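Pasted below: upload-v9.txt, compact mmCIF, C-alpha atoms.
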# COMPACT_ATOMS: atom_id res chain seq x y z
CA MET A 152 -28.37 -23.58 -37.72
CA LYS A 153 -29.03 -22.05 -34.32
CA VAL A 154 -26.77 -23.10 -31.47
CA LEU A 155 -29.47 -22.66 -28.80
CA ARG A 156 -32.90 -24.26 -28.99
CA LEU A 157 -35.61 -23.16 -26.60
CA ILE A 158 -37.04 -25.96 -24.48
CA SER A 159 -40.69 -25.03 -24.22
CA GLY A 160 -42.03 -28.15 -22.54
CA ASN A 161 -41.45 -31.75 -21.55
CA CYS A 162 -43.44 -34.52 -19.90
CA PHE A 163 -42.54 -33.30 -16.38
CA ASP A 164 -43.36 -29.61 -17.11
CA ILE A 165 -39.85 -28.65 -16.03
CA PRO A 166 -39.66 -25.43 -18.12
CA GLU A 167 -42.92 -24.26 -16.56
CA ARG A 168 -41.69 -25.15 -13.07
CA VAL A 169 -38.47 -23.25 -13.71
CA MET A 170 -40.45 -20.20 -14.83
CA GLU A 171 -42.35 -20.39 -11.51
CA LEU A 172 -39.03 -19.66 -9.78
CA ASP A 173 -38.51 -16.61 -11.99
CA LYS A 174 -40.71 -15.56 -14.88
CA ASP A 175 -37.63 -14.53 -16.90
CA TYR A 176 -35.88 -17.93 -16.69
CA ARG A 177 -35.69 -19.95 -19.91
CA LEU A 178 -34.14 -23.34 -20.60
CA TYR A 179 -32.21 -23.87 -23.81
CA TYR A 180 -30.52 -26.89 -25.33
CA ASN A 181 -27.05 -26.00 -26.62
CA VAL A 182 -26.60 -28.05 -29.78
CA LYS A 183 -22.84 -27.47 -29.90
CA SER A 184 -22.02 -28.50 -26.33
CA LYS A 185 -25.00 -30.88 -26.02
CA ALA A 186 -25.93 -29.36 -22.66
CA ILE A 187 -29.00 -27.78 -21.12
CA GLU A 188 -28.49 -24.14 -20.17
CA LEU A 189 -30.45 -21.73 -18.01
CA HIS A 190 -30.82 -18.17 -19.27
CA ASN A 191 -32.35 -15.14 -17.56
CA LEU A 192 -33.96 -12.68 -19.96
CA LYS A 193 -33.45 -9.78 -17.49
CA SER A 194 -29.67 -10.19 -17.54
CA HIS A 195 -27.28 -9.25 -20.30
CA PRO A 196 -25.71 -11.60 -21.23
CA THR A 197 -28.60 -13.91 -20.48
CA PHE A 198 -26.56 -17.03 -19.67
CA GLN A 199 -26.82 -18.16 -16.03
CA LEU A 200 -25.59 -21.75 -15.75
CA VAL A 201 -25.20 -25.13 -17.41
CA LEU A 202 -27.24 -27.88 -15.80
CA PRO A 203 -25.09 -30.83 -14.71
CA TYR A 204 -27.77 -33.27 -15.92
CA SER A 205 -28.32 -34.53 -19.45
CA GLN A 206 -32.09 -34.82 -18.98
CA LEU A 207 -34.69 -32.52 -17.51
CA ASP A 208 -36.28 -33.76 -14.31
CA ALA A 209 -36.95 -32.55 -10.75
CA ARG A 210 -33.20 -32.47 -10.03
CA ALA A 211 -32.87 -29.59 -12.49
CA VAL A 212 -35.48 -27.51 -10.66
CA ASP A 213 -33.81 -28.22 -7.30
CA TYR A 214 -30.40 -27.33 -8.71
CA ILE A 215 -31.67 -24.04 -10.14
CA ARG A 216 -33.44 -23.20 -6.87
CA ARG A 217 -30.23 -23.79 -4.87
CA THR A 218 -28.05 -21.69 -7.16
CA ARG A 219 -30.25 -18.62 -7.59
CA VAL A 220 -28.38 -15.33 -7.37
CA ASP A 221 -30.83 -13.75 -4.92
CA LYS A 222 -30.31 -16.70 -2.53
CA ILE A 223 -26.57 -16.17 -2.74
CA ILE A 224 -27.00 -12.46 -2.00
CA ILE A 225 -29.16 -13.31 1.04
CA GLU A 226 -26.48 -15.71 2.30
CA ILE A 227 -23.75 -13.11 1.78
CA ASN A 228 -25.81 -10.57 3.74
CA LYS A 229 -26.22 -13.09 6.59
CA ILE A 230 -22.46 -13.67 6.64
CA ASP A 231 -21.80 -9.91 6.65
CA GLU A 232 -24.25 -9.41 9.53
CA TYR A 233 -22.65 -12.24 11.52
CA ASN A 234 -19.16 -10.79 10.94
CA GLN A 235 -20.35 -7.32 11.97
CA ASN A 236 -21.82 -8.70 15.22
CA LEU A 237 -18.64 -10.65 15.88
CA GLU A 238 -16.51 -7.57 15.32
CA GLU A 239 -18.69 -5.46 17.63
CA LYS A 240 -18.52 -8.17 20.31
CA LEU A 241 -14.73 -8.35 20.02
CA ILE A 242 -14.39 -4.55 20.24
CA SER A 243 -16.70 -4.46 23.27
CA GLN A 244 -14.78 -7.26 24.97
CA THR A 245 -11.44 -5.55 24.30
CA LEU A 246 -12.70 -2.21 25.64
CA SER A 247 -14.06 -3.93 28.73
CA GLU A 248 -10.71 -5.60 29.41
CA MET A 249 -8.88 -2.30 28.89
CA HIS A 250 -11.30 -0.58 31.30
CA GLU A 251 -10.72 -3.20 34.01
CA LYS A 252 -6.94 -3.07 33.65
CA THR A 253 -6.94 0.74 33.72
CA ARG A 254 -9.14 0.71 36.84
CA SER A 255 -6.66 -1.67 38.50
CA VAL A 256 -3.74 0.64 37.71
CA VAL A 257 -5.64 3.71 38.98
CA LYS A 258 -6.54 1.88 42.22
CA TYR A 259 -2.89 0.94 42.69
CA MET A 260 -1.75 4.49 42.10
CA ASN A 261 -4.36 5.95 44.51
CA ARG A 262 -3.69 3.68 47.48
CA GLY A 263 0.01 4.30 47.70
CA GLY A 264 1.33 1.22 46.00
CA SER A 265 0.95 -1.34 48.77
CA LYS A 266 0.43 -4.10 46.22
CA ILE A 267 2.21 -4.12 42.90
CA PRO A 268 -0.03 -5.74 40.28
CA SER A 269 1.49 -8.50 38.22
CA TYR A 270 1.97 -8.03 34.48
CA SER A 271 -0.97 -10.34 33.72
CA GLU A 272 -3.30 -8.19 35.89
CA LEU A 273 -2.43 -5.10 33.85
What does the file become when written as structure tokens?
Amino acid sequence: MKVLRLISGNCFDIPERVMELDKDYRLYYNVKSKAIELHNLKSHPTFQLVLPYSQLDARAVDYIRRTRVDKIIIEINKIDEYNQNLEEKLISQTLSEMHEKTRSVVKYMNRGGSKIPSYSEL
């Protein structure tokens, strides 16, 4: 007896709707665990996820859409870009502060020391 049974159709056309997201997606019913699984034929191993629902309906399609790997990669790239911009901004701000403090020290040194800058000004 096979453990996985291909789900080829249901009254809501969920397997077809899932294949619209990715032509290599297939839904299987795992007889042992009594759960619906998503498999991607391009991947090896093919297993992707177990659906948290016991029946196939629109929730399954939404869940699969939200958990797609390419969406996760896009989100990770957005996070990396944001962190890179934040790092560049912090470096620029630090260099600007260092420049201003250095300019203050040079001005002090050039005018003969009439005003000693406080530690916070340096």
Using only C-alpha atoms, which residues sit within 7 Å of Leu192 (chain A) once same-chain residues fewer than 3 positions away are excluded, as a PyMOL selection string?
chain A and resi 175-176+197
Selection near Ile165 (chain A), 8 Å with all atoms listed in the file, sequence-local residues under 4 positions removed, as a PDB file with C-alpha atoms, in the frame of the given file:
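After the write, part_20.pdb holds the following:
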ATOM      1  CA  GLY A 160     -42.030 -28.150 -22.540  1.00  0.00           C
ATOM      2  CA  ASN A 161     -41.450 -31.750 -21.550  1.00  0.00           C
ATOM      3  CA  VAL A 169     -38.470 -23.250 -13.710  1.00  0.00           C
ATOM      4  CA  LEU A 207     -34.690 -32.520 -17.510  1.00  0.00           C
ATOM      5  CA  ASP A 208     -36.280 -33.760 -14.310  1.00  0.00           C
ATOM      6  CA  ALA A 209     -36.950 -32.550 -10.750  1.00  0.00           C
ATOM      7  CA  ALA A 211     -32.870 -29.590 -12.490  1.00  0.00           C
ATOM      8  CA  VAL A 212     -35.480 -27.510 -10.660  1.00  0.00           C
TER       9      VAL A 212
END
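Closest approach to Lys174 (chain A) from the set A:Val256, A:Asn191, A:Arg262, A:Ser159 is made by A:Asn191, with distances taken over only C-alpha atoms.
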Taking (-38.8, -15.6, -10.2) in the file's coordinates as the center, which residues reach within 12 Å of it, counting all atoms listed in the file, put as a PDB file with C-alpha atoms, in the frame of the given file?
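Saved the output as out24.pdb:
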ATOM      1  CA  GLU A 167     -42.920 -24.260 -16.560  1.00  0.00           C
ATOM      2  CA  ARG A 168     -41.690 -25.150 -13.070  1.00  0.00           C
ATOM      3  CA  VAL A 169     -38.470 -23.250 -13.710  1.00  0.00           C
ATOM      4  CA  MET A 170     -40.450 -20.200 -14.830  1.00  0.00           C
ATOM      5  CA  GLU A 171     -42.350 -20.390 -11.510  1.00  0.00           C
ATOM      6  CA  LEU A 172     -39.030 -19.660  -9.780  1.00  0.00           C
ATOM      7  CA  ASP A 173     -38.510 -16.610 -11.990  1.00  0.00           C
ATOM      8  CA  LYS A 174     -40.710 -15.560 -14.880  1.00  0.00           C
ATOM      9  CA  ASP A 175     -37.630 -14.530 -16.900  1.00  0.00           C
ATOM     10  CA  TYR A 176     -35.880 -17.930 -16.690  1.00  0.00           C
ATOM     11  CA  ARG A 177     -35.690 -19.950 -19.910  1.00  0.00           C
ATOM     12  CA  ASN A 191     -32.350 -15.140 -17.560  1.00  0.00           C
ATOM     13  CA  LEU A 192     -33.960 -12.680 -19.960  1.00  0.00           C
ATOM     14  CA  LYS A 193     -33.450  -9.780 -17.490  1.00  0.00           C
ATOM     15  CA  ILE A 215     -31.670 -24.040 -10.140  1.00  0.00           C
ATOM     16  CA  ARG A 216     -33.440 -23.200  -6.870  1.00  0.00           C
ATOM     17  CA  ARG A 219     -30.250 -18.620  -7.590  1.00  0.00           C
ATOM     18  CA  VAL A 220     -28.380 -15.330  -7.370  1.00  0.00           C
ATOM     19  CA  ASP A 221     -30.830 -13.750  -4.920  1.00  0.00           C
ATOM     20  CA  LYS A 222     -30.310 -16.700  -2.530  1.00  0.00           C
TER      21      LYS A 222
END
CA of Ala186 (chain A) to CA of Asp213 (chain A), distance in Å rounded to a single decimal
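These atoms are spaced 17.3 Å apart.
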Here is a test: counting only C-alpha atoms, which residue of A:Thr218, A:Asn261, A:Thr245, A:Asn234 is nearest to Leu202 (chain A)?
A:Thr218
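Contact shell of Val182 (chain A) at 12 Å (all atoms listed in the file; same-chain neighbours under 4 positions omitted): Met152, Lys153, Val154, Leu155, Arg156, Leu157, Ile158, Ala186, Ile187 and Glu188 of chain A.
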Separation of CA of Ser271 (chain A) from CA of Tyr259 (chain A) in Å:
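Straight-line distance from CA of Tyr259 (chain A) to CA of Ser271 (chain A) works out to 14.5 Å.
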Centre, edges in Å (one decimal): axis-aligned box, region 160-164 of chain A, 5 Å padding on all six sides, as JSON:
{"center_x": -42.4, "center_y": -31.3, "center_z": -19.5, "size_x": 12.0, "size_y": 16.4, "size_z": 16.2}
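Take CA of Gln199 (chain A) and CA of Ile224 (chain A): the distance between them is 15.1 Å.
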Take region 237-258 of chain A, bring it up to N, CA and C atoms, and give me the output as a PDB file, in the frame of the given file.
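After the write, part.pdb holds the following:
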ATOM      1  N   LEU A 237     -19.850 -10.096  15.283  1.00  0.00           N
ATOM      2  CA  LEU A 237     -18.640 -10.650  15.880  1.00  0.00           C
ATOM      3  C   LEU A 237     -17.605  -9.562  16.124  1.00  0.00           C
ATOM      4  N   GLU A 238     -17.448  -8.669  15.172  1.00  0.00           N
ATOM      5  CA  GLU A 238     -16.510  -7.570  15.320  1.00  0.00           C
ATOM      6  C   GLU A 238     -16.919  -6.643  16.467  1.00  0.00           C
ATOM      7  N   GLU A 239     -18.202  -6.319  16.549  1.00  0.00           N
ATOM      8  CA  GLU A 239     -18.690  -5.460  17.630  1.00  0.00           C
ATOM      9  C   GLU A 239     -18.481  -6.136  18.990  1.00  0.00           C
ATOM     10  N   LYS A 240     -18.715  -7.423  19.061  1.00  0.00           N
ATOM     11  CA  LYS A 240     -18.520  -8.170  20.310  1.00  0.00           C
ATOM     12  C   LYS A 240     -17.042  -8.154  20.714  1.00  0.00           C
ATOM     13  N   LEU A 241     -16.163  -8.348  19.742  1.00  0.00           N
ATOM     14  CA  LEU A 241     -14.730  -8.350  20.020  1.00  0.00           C
ATOM     15  C   LEU A 241     -14.264  -6.972  20.484  1.00  0.00           C
ATOM     16  N   ILE A 242     -14.760  -5.923  19.834  1.00  0.00           N
ATOM     17  CA  ILE A 242     -14.390  -4.550  20.240  1.00  0.00           C
ATOM     18  C   ILE A 242     -14.897  -4.278  21.657  1.00  0.00           C
ATOM     19  N   SER A 243     -16.127  -4.665  21.941  1.00  0.00           N
ATOM     20  CA  SER A 243     -16.700  -4.460  23.270  1.00  0.00           C
ATOM     21  C   SER A 243     -15.904  -5.214  24.329  1.00  0.00           C
ATOM     22  N   GLN A 244     -15.540  -6.449  24.023  1.00  0.00           N
ATOM     23  CA  GLN A 244     -14.780  -7.260  24.970  1.00  0.00           C
ATOM     24  C   GLN A 244     -13.402  -6.635  25.213  1.00  0.00           C
ATOM     25  N   THR A 245     -12.754  -6.170  24.171  1.00  0.00           N
ATOM     26  CA  THR A 245     -11.440  -5.550  24.300  1.00  0.00           C
ATOM     27  C   THR A 245     -11.523  -4.270  25.125  1.00  0.00           C
ATOM     28  N   LEU A 246     -12.532  -3.448  24.865  1.00  0.00           N
ATOM     29  CA  LEU A 246     -12.700  -2.210  25.640  1.00  0.00           C
ATOM     30  C   LEU A 246     -12.970  -2.514  27.107  1.00  0.00           C
ATOM     31  N   SER A 247     -13.763  -3.547  27.352  1.00  0.00           N
ATOM     32  CA  SER A 247     -14.060  -3.930  28.730  1.00  0.00           C
ATOM     33  C   SER A 247     -12.789  -4.378  29.453  1.00  0.00           C
ATOM     34  N   GLU A 248     -11.971  -5.159  28.797  1.00  0.00           N
ATOM     35  CA  GLU A 248     -10.710  -5.600  29.410  1.00  0.00           C
ATOM     36  C   GLU A 248      -9.792  -4.406  29.662  1.00  0.00           C
ATOM     37  N   MET A 249      -9.713  -3.484  28.705  1.00  0.00           N
ATOM     38  CA  MET A 249      -8.880  -2.300  28.890  1.00  0.00           C
ATOM     39  C   MET A 249      -9.380  -1.461  30.068  1.00  0.00           C
ATOM     40  N   HIS A 250     -10.711  -1.342  30.203  1.00  0.00           N
ATOM     41  CA  HIS A 250     -11.300  -0.580  31.300  1.00  0.00           C
ATOM     42  C   HIS A 250     -10.922  -1.207  32.646  1.00  0.00           C
ATOM     43  N   GLU A 251     -11.050  -2.520  32.756  1.00  0.00           N
ATOM     44  CA  GLU A 251     -10.720  -3.200  34.010  1.00  0.00           C
ATOM     45  C   GLU A 251      -9.249  -3.052  34.370  1.00  0.00           C
ATOM     46  N   LYS A 252      -8.378  -3.189  33.384  1.00  0.00           N
ATOM     47  CA  LYS A 252      -6.940  -3.070  33.650  1.00  0.00           C
ATOM     48  C   LYS A 252      -6.574  -1.630  34.030  1.00  0.00           C
ATOM     49  N   THR A 253      -7.191  -0.663  33.383  1.00  0.00           N
ATOM     50  CA  THR A 253      -6.940   0.740  33.720  1.00  0.00           C
ATOM     51  C   THR A 253      -7.426   1.043  35.128  1.00  0.00           C
ATOM     52  N   ARG A 254      -8.609   0.516  35.484  1.00  0.00           N
ATOM     53  CA  ARG A 254      -9.140   0.710  36.840  1.00  0.00           C
ATOM     54  C   ARG A 254      -8.190   0.116  37.871  1.00  0.00           C
ATOM     55  N   SER A 255      -7.609  -1.035  37.582  1.00  0.00           N
ATOM     56  CA  SER A 255      -6.660  -1.670  38.500  1.00  0.00           C
ATOM     57  C   SER A 255      -5.427  -0.800  38.695  1.00  0.00           C
ATOM     58  N   VAL A 256      -4.925  -0.218  37.617  1.00  0.00           N
ATOM     59  CA  VAL A 256      -3.740   0.640  37.710  1.00  0.00           C
ATOM     60  C   VAL A 256      -4.070   1.898  38.509  1.00  0.00           C
ATOM     61  N   VAL A 257      -5.245   2.500  38.262  1.00  0.00           N
ATOM     62  CA  VAL A 257      -5.640   3.710  38.980  1.00  0.00           C
ATOM     63  C   VAL A 257      -5.794   3.408  40.473  1.00  0.00           C
ATOM     64  N   LYS A 258      -6.414   2.263  40.800  1.00  0.00           N
ATOM     65  CA  LYS A 258      -6.540   1.880  42.220  1.00  0.00           C
ATOM     66  C   LYS A 258      -5.172   1.751  42.865  1.00  0.00           C
TER      67      LYS A 258
END
